[in-house]
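Here the structure is laid out as structure tokens; the discussion comes afterwards.
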Protein chains: 2
Amino acid sequence: MVRLDDDALEATRTMTDQALPGLVVVDEHGGPLVVLPASEVLRFALPEYVEEDPALARVYGEREADNFCSELVGRKVRELMPGKQYLPKRERDRPVVTANATLIEIASVMTRQHSPVVAVVDDDEILGVITVHRLLGVALPRS
Amino acid sequence: MVRLDDDALEATRTMTDQALPGLVVVDEHGGPLVVLPASEVLRFALPEYVEEDPALARVYGEREADNFCSELVGRKVRELMPGKQYLPKRERDRPVVTANATLIEIASVMTRQHSPVVAVVDDDEILGVITVHRLLGVALPRS
């Protein structure tokens, strides 16, 4: 879980080092703002025109292209949030479940939202985060 | 990487145990058929009507709901592949990069396809797999 005023580079590094499948960005009151799968956290570092047209990623020289994460240095999560068009518009499109959701409900939210992470929320308060690996760790039949 | 005739439960368990962000399913000739992020691997276990309408996940009793992965027992990957409607239709919608792709090109493919895994392919042959964590591990500026 990260806050809007957290350092973007540090947040990304934590996710990478701990092999977390994504980040949950919370607002000032701790309410979940958005759940970002790791593949979407990459948008922190991508220039907007590359998000819009991946072909533009090819215009970079190799050295510059491989340094694209330098964009993160000294920036806050707030500054690097993906554009509104990449965030869910409707409440039911957010990877969020209630505390009494069953495993199959959680699984169906994950697959539908293409999200390896869901936030567990009760009365707009975030109770925790469930990853797809945690879910499968519990749900897979033992050998 | 898994093959169509591999055991589905074993494949899912390997992904879970090794905290892999997804699976690459290859065909008989080793060509990459589809790249499945972990959230999509869950579809292996979900009945098709739940994929279509997640509200139906709520009709299960708790015990049955929590046992949904028992679907995987004794099944092959081939039998549990997500329906065609969930697979990319166009070549450029597949999370695949060529061997000379730069880091920013790989990042833009991952964000666009919402895939934490891409297959590196040369002449229809799969050379390897890159995860978002591996990409960030290389691309993040050192502290």
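Residues in the structure tokens are named by chain (A, B, ... in the order shown) and by number from 1 within that chain; ligands are numbered from 1 in the order shown.
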At most 9 Å is the cut-off: for each residue in region 39-108 of chain B with any atom that close to an atom of region 111-127 of chain A, write down the nearest atom pair and the distance in Å rounded to one decimal, counting only C-alpha atoms, chain first then increasing number, as a Markdown table.
| residue | atom | partner | partner_atom | distance |
| --- | --- | --- | --- | --- |
| B:Ser39 | CA | A:Thr111 | CA | 5.0 |
| B:Glu40 | CA | A:Thr111 | CA | 5.3 |
| B:Val41 | CA | A:Thr111 | CA | 8.2 |
| B:Leu42 | CA | A:Thr111 | CA | 6.6 |
| B:Arg43 | CA | A:Thr111 | CA | 6.7 |
| B:Glu51 | CA | A:Arg112 | CA | 7.3 |
| B:Glu52 | CA | A:Arg112 | CA | 8.8 |
| B:Pro54 | CA | A:Arg112 | CA | 7.8 |
Give me, as a tab-separated table, the closest atom pair and its distance (Å, one decimal) for every residue of chain B within a cut-off of 7 Å of chain A, counting only C-alpha atoms, rows sorted by chain and rising number.
residue	atom	partner	partner_atom	distance
B:Thr16	CA	A:His133	CA	5.2
B:Ala19	CA	A:His133	CA	6.5
B:Pro21	CA	A:Pro21	CA	6.9
B:Ala38	CA	A:Pro116	CA	6.5
B:Ser39	CA	A:Thr111	CA	5.0
B:Glu40	CA	A:Thr111	CA	5.3
B:Leu42	CA	A:Ala107	CA	6.5
B:Arg43	CA	A:Thr111	CA	6.7
B:Val50	CA	A:Ser108	CA	6.9
B:Glu51	CA	A:Ser108	CA	6.7
B:Pro54	CA	A:Ser108	CA	5.6
B:Ala57	CA	A:Glu105	CA	5.2
B:Arg58	CA	A:Glu105	CA	6.6
B:Glu62	CA	A:Thr102	CA	6.3
B:Ala65	CA	A:Ile104	CA	5.1
B:Asp66	CA	A:Leu103	CA	4.9
B:Asn67	CA	A:Ala139	CA	6.3
B:Phe68	CA	A:Ile104	CA	6.3
B:Cys69	CA	A:Leu140	CA	5.5
B:Ser70	CA	A:Pro141	CA	6.1
B:Thr102	CA	A:Ala65	CA	6.0
B:Leu103	CA	A:Asp66	CA	4.9
B:Ile104	CA	A:Ala65	CA	5.2
B:Glu105	CA	A:Ala57	CA	5.2
B:Ala107	CA	A:Leu42	CA	6.5
B:Ser108	CA	A:Pro54	CA	5.6
B:Val109	CA	A:Pro54	CA	7.0
B:Met110	CA	A:Ser39	CA	5.6
B:Thr111	CA	A:Ser39	CA	5.0
B:His114	CA	A:Ser39	CA	5.7
B:Ser115	CA	A:Ser39	CA	5.9
B:Pro116	CA	A:Ser39	CA	5.1
B:Val132	CA	A:Ser39	CA	6.4
B:His133	CA	A:Thr16	CA	5.2
B:Leu136	CA	A:Thr16	CA	6.5
B:Gly137	CA	A:Thr16	CA	6.5
B:Ala139	CA	A:Cys69	CA	5.9
B:Leu140	CA	A:Cys69	CA	5.5
B:Pro141	CA	A:Ser70	CA	6.2
Contacts of Asp27 (chain A) within 12 Å, only C-alpha atoms, excl. fewer than 4 positions in-chain, as a PyMOL selection string: chain A and resi 1-6+31-35+77-78+124-126
Write to file, as a JSON list (two decimals), in the first residue's frame, the residues of the selection just made, with N, CA, C and O atoms.
[["chain", "number", "residue", "atom", "x", "y", "z"],
["A", 1, "MET", "N", 0.85, -1.20, 0.00],
["A", 1, "MET", "CA", 0.00, 0.00, 0.00],
["A", 1, "MET", "C", 0.88, 1.24, 0.00],
["A", 1, "MET", "O", 1.82, 1.34, 0.78],
["A", 2, "VAL", "N", 0.55, 2.16, -0.87],
["A", 2, "VAL", "CA", 1.32, 3.41, -0.91],
["A", 2, "VAL", "C", 0.36, 4.60, -0.90],
["A", 2, "VAL", "O", -0.80, 4.47, -1.26],
["A", 3, "ARG", "N", 0.87, 5.73, -0.45],
["A", 3, "ARG", "CA", 0.07, 6.95, -0.42],
["A", 3, "ARG", "C", 0.48, 7.87, -1.57],
["A", 3, "ARG", "O", 1.58, 7.73, -2.12],
["A", 4, "LEU", "N", -0.39, 8.81, -1.87],
["A", 4, "LEU", "CA", -0.15, 9.71, -2.99],
["A", 4, "LEU", "C", 1.15, 10.50, -2.82],
["A", 4, "LEU", "O", 1.80, 10.87, -3.80],
["A", 5, "ASP", "N", 1.53, 10.76, -1.56],
["A", 5, "ASP", "CA", 2.72, 11.58, -1.34],
["A", 5, "ASP", "C", 3.98, 10.75, -1.15],
["A", 5, "ASP", "O", 5.04, 11.29, -0.84],
["A", 6, "ASP", "N", 3.87, 9.44, -1.31],
["A", 6, "ASP", "CA", 5.07, 8.60, -1.21],
["A", 6, "ASP", "C", 5.96, 8.81, -2.42],
["A", 6, "ASP", "O", 5.52, 9.22, -3.49],
["A", 31, "GLY", "N", -8.47, 5.46, 2.37],
["A", 31, "GLY", "CA", -9.40, 4.77, 1.48],
["A", 31, "GLY", "C", -8.68, 4.39, 0.20],
["A", 31, "GLY", "O", -7.82, 5.12, -0.27],
["A", 32, "PRO", "N", -9.00, 3.22, -0.37],
["A", 32, "PRO", "CA", -8.28, 2.79, -1.57],
["A", 32, "PRO", "C", -8.72, 3.61, -2.78],
["A", 32, "PRO", "O", -9.90, 3.74, -3.06],
["A", 33, "LEU", "N", -7.74, 4.17, -3.44],
["A", 33, "LEU", "CA", -8.01, 5.03, -4.58],
["A", 33, "LEU", "C", -7.98, 4.20, -5.85],
["A", 33, "LEU", "O", -8.84, 4.29, -6.71],
["A", 34, "VAL", "N", -6.95, 3.39, -5.94],
["A", 34, "VAL", "CA", -6.80, 2.59, -7.14],
["A", 34, "VAL", "C", -5.84, 1.44, -6.85],
["A", 34, "VAL", "O", -4.94, 1.55, -6.03],
["A", 35, "VAL", "N", -6.12, 0.32, -7.48],
["A", 35, "VAL", "CA", -5.27, -0.85, -7.37],
["A", 35, "VAL", "C", -4.50, -0.96, -8.68],
["A", 35, "VAL", "O", -5.12, -1.02, -9.75],
["A", 77, "VAL", "N", 4.19, 9.66, -6.00],
["A", 77, "VAL", "CA", 3.20, 8.80, -6.65],
["A", 77, "VAL", "C", 2.10, 9.66, -7.29],
["A", 77, "VAL", "O", 1.67, 9.42, -8.41],
["A", 78, "ARG", "N", 1.69, 10.72, -6.58],
["A", 78, "ARG", "CA", 0.64, 11.61, -7.07],
["A", 78, "ARG", "C", 0.93, 12.15, -8.48],
["A", 78, "ARG", "O", 0.03, 12.24, -9.32],
["A", 124, "ASP", "N", -15.72, 1.76, 3.00],
["A", 124, "ASP", "CA", -14.71, 2.65, 2.43],
["A", 124, "ASP", "C", -13.35, 2.60, 3.14],
["A", 124, "ASP", "O", -12.46, 3.38, 2.82],
["A", 125, "GLU", "N", -13.23, 1.69, 4.09],
["A", 125, "GLU", "CA", -11.95, 1.56, 4.77],
["A", 125, "GLU", "C", -11.26, 0.31, 4.22],
["A", 125, "GLU", "O", -11.91, -0.72, 4.03],
["A", 126, "ILE", "N", -9.97, 0.42, 4.01],
["A", 126, "ILE", "CA", -9.27, -0.73, 3.46],
["A", 126, "ILE", "C", -8.80, -1.64, 4.59],
["A", 126, "ILE", "O", -8.15, -1.21, 5.54]]
Residues flagged strand (DSSP E) by DSSP in chain A, as a ChimeraX atom specification: /A:2-3,22-26,32-37,96-97,117-122,125-131
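For region 17-108 of chain B, backbone-based DSSP labels the following residues as alpha helix (DSSP H): Asp17, Ala38, Ser39, Glu40, Val41, Glu48, Tyr49, Val50, Glu51, Glu52, Glu62, Arg63, Glu64, Ala65, Asp66, Leu103, Ile104, Glu105, Ile106, Ala107 and Ser108 of chain B.
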Just the selected residues (N, CA and C atoms), exported as a compact mmCIF listing (two decimals), in the first residue's frame, please.
# COMPACT_ATOMS: atom_id res chain seq x y z
N ASP B 17 3.83 -21.41 -6.19
CA ASP B 17 4.95 -21.65 -5.29
C ASP B 17 6.14 -20.77 -5.61
N ALA B 38 -1.14 -14.23 -14.12
CA ALA B 38 -1.68 -15.07 -13.04
C ALA B 38 -3.18 -14.86 -12.87
N SER B 39 -3.65 -13.62 -13.03
CA SER B 39 -5.07 -13.36 -12.85
C SER B 39 -5.90 -14.10 -13.90
N GLU B 40 -5.30 -14.36 -15.05
CA GLU B 40 -6.02 -15.10 -16.10
C GLU B 40 -5.87 -16.60 -15.94
N VAL B 41 -4.78 -17.03 -15.29
CA VAL B 41 -4.62 -18.46 -15.02
C VAL B 41 -5.77 -18.93 -14.12
N GLU B 48 -17.33 -21.48 -16.88
CA GLU B 48 -17.46 -20.46 -17.92
C GLU B 48 -18.54 -19.43 -17.59
N TYR B 49 -19.62 -19.86 -16.95
CA TYR B 49 -20.70 -18.89 -16.68
C TYR B 49 -20.29 -17.87 -15.64
N VAL B 50 -19.33 -18.22 -14.79
CA VAL B 50 -18.83 -17.22 -13.83
C VAL B 50 -17.90 -16.23 -14.54
N GLU B 51 -17.15 -16.73 -15.54
CA GLU B 51 -16.33 -15.82 -16.33
C GLU B 51 -17.20 -14.78 -17.01
N GLU B 52 -18.36 -15.25 -17.49
CA GLU B 52 -19.23 -14.34 -18.22
C GLU B 52 -19.95 -13.36 -17.30
N GLU B 62 -20.63 -21.39 0.63
CA GLU B 62 -19.27 -20.98 0.99
C GLU B 62 -18.26 -22.10 0.77
N ARG B 63 -18.65 -23.30 1.16
CA ARG B 63 -17.72 -24.41 1.09
C ARG B 63 -17.36 -24.74 -0.36
N GLU B 64 -18.38 -24.76 -1.17
CA GLU B 64 -18.19 -25.05 -2.59
C GLU B 64 -17.36 -23.92 -3.23
N ALA B 65 -17.69 -22.70 -2.85
CA ALA B 65 -17.02 -21.53 -3.41
C ALA B 65 -15.52 -21.56 -3.11
N ASP B 66 -15.20 -22.00 -1.91
CA ASP B 66 -13.79 -22.01 -1.51
C ASP B 66 -13.04 -23.20 -2.09
N LEU B 103 14.18 -1.71 -23.36
CA LEU B 103 13.41 -1.81 -22.12
C LEU B 103 12.10 -1.04 -22.20
N ILE B 104 12.13 0.14 -22.81
CA ILE B 104 10.90 0.93 -22.85
C ILE B 104 9.87 0.28 -23.79
N GLU B 105 10.34 -0.39 -24.82
CA GLU B 105 9.41 -1.11 -25.69
C GLU B 105 8.74 -2.26 -24.93
N ILE B 106 9.54 -2.98 -24.16
CA ILE B 106 8.99 -4.09 -23.37
C ILE B 106 7.97 -3.55 -22.36
N ALA B 107 8.34 -2.43 -21.71
CA ALA B 107 7.44 -1.83 -20.72
C ALA B 107 6.13 -1.41 -21.36
N SER B 108 6.20 -0.86 -22.57
CA SER B 108 4.96 -0.38 -23.19
C SER B 108 4.08 -1.55 -23.62
Distance in Å - CA of Gly74 (chain B) versus CA of Ala8 (chain B):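 Interatomic distance, CA of Gly74 (chain B) to CA of Ala8 (chain B): 7.7 Å.
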Shortest interatomic distance to Lys76 (chain B) - which of B:Leu36, B:Asp93, B:Phe44, B:Val26, counting only C-alpha atoms: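 Of all the options, B:Phe44 lies closest to Lys76 (chain B).
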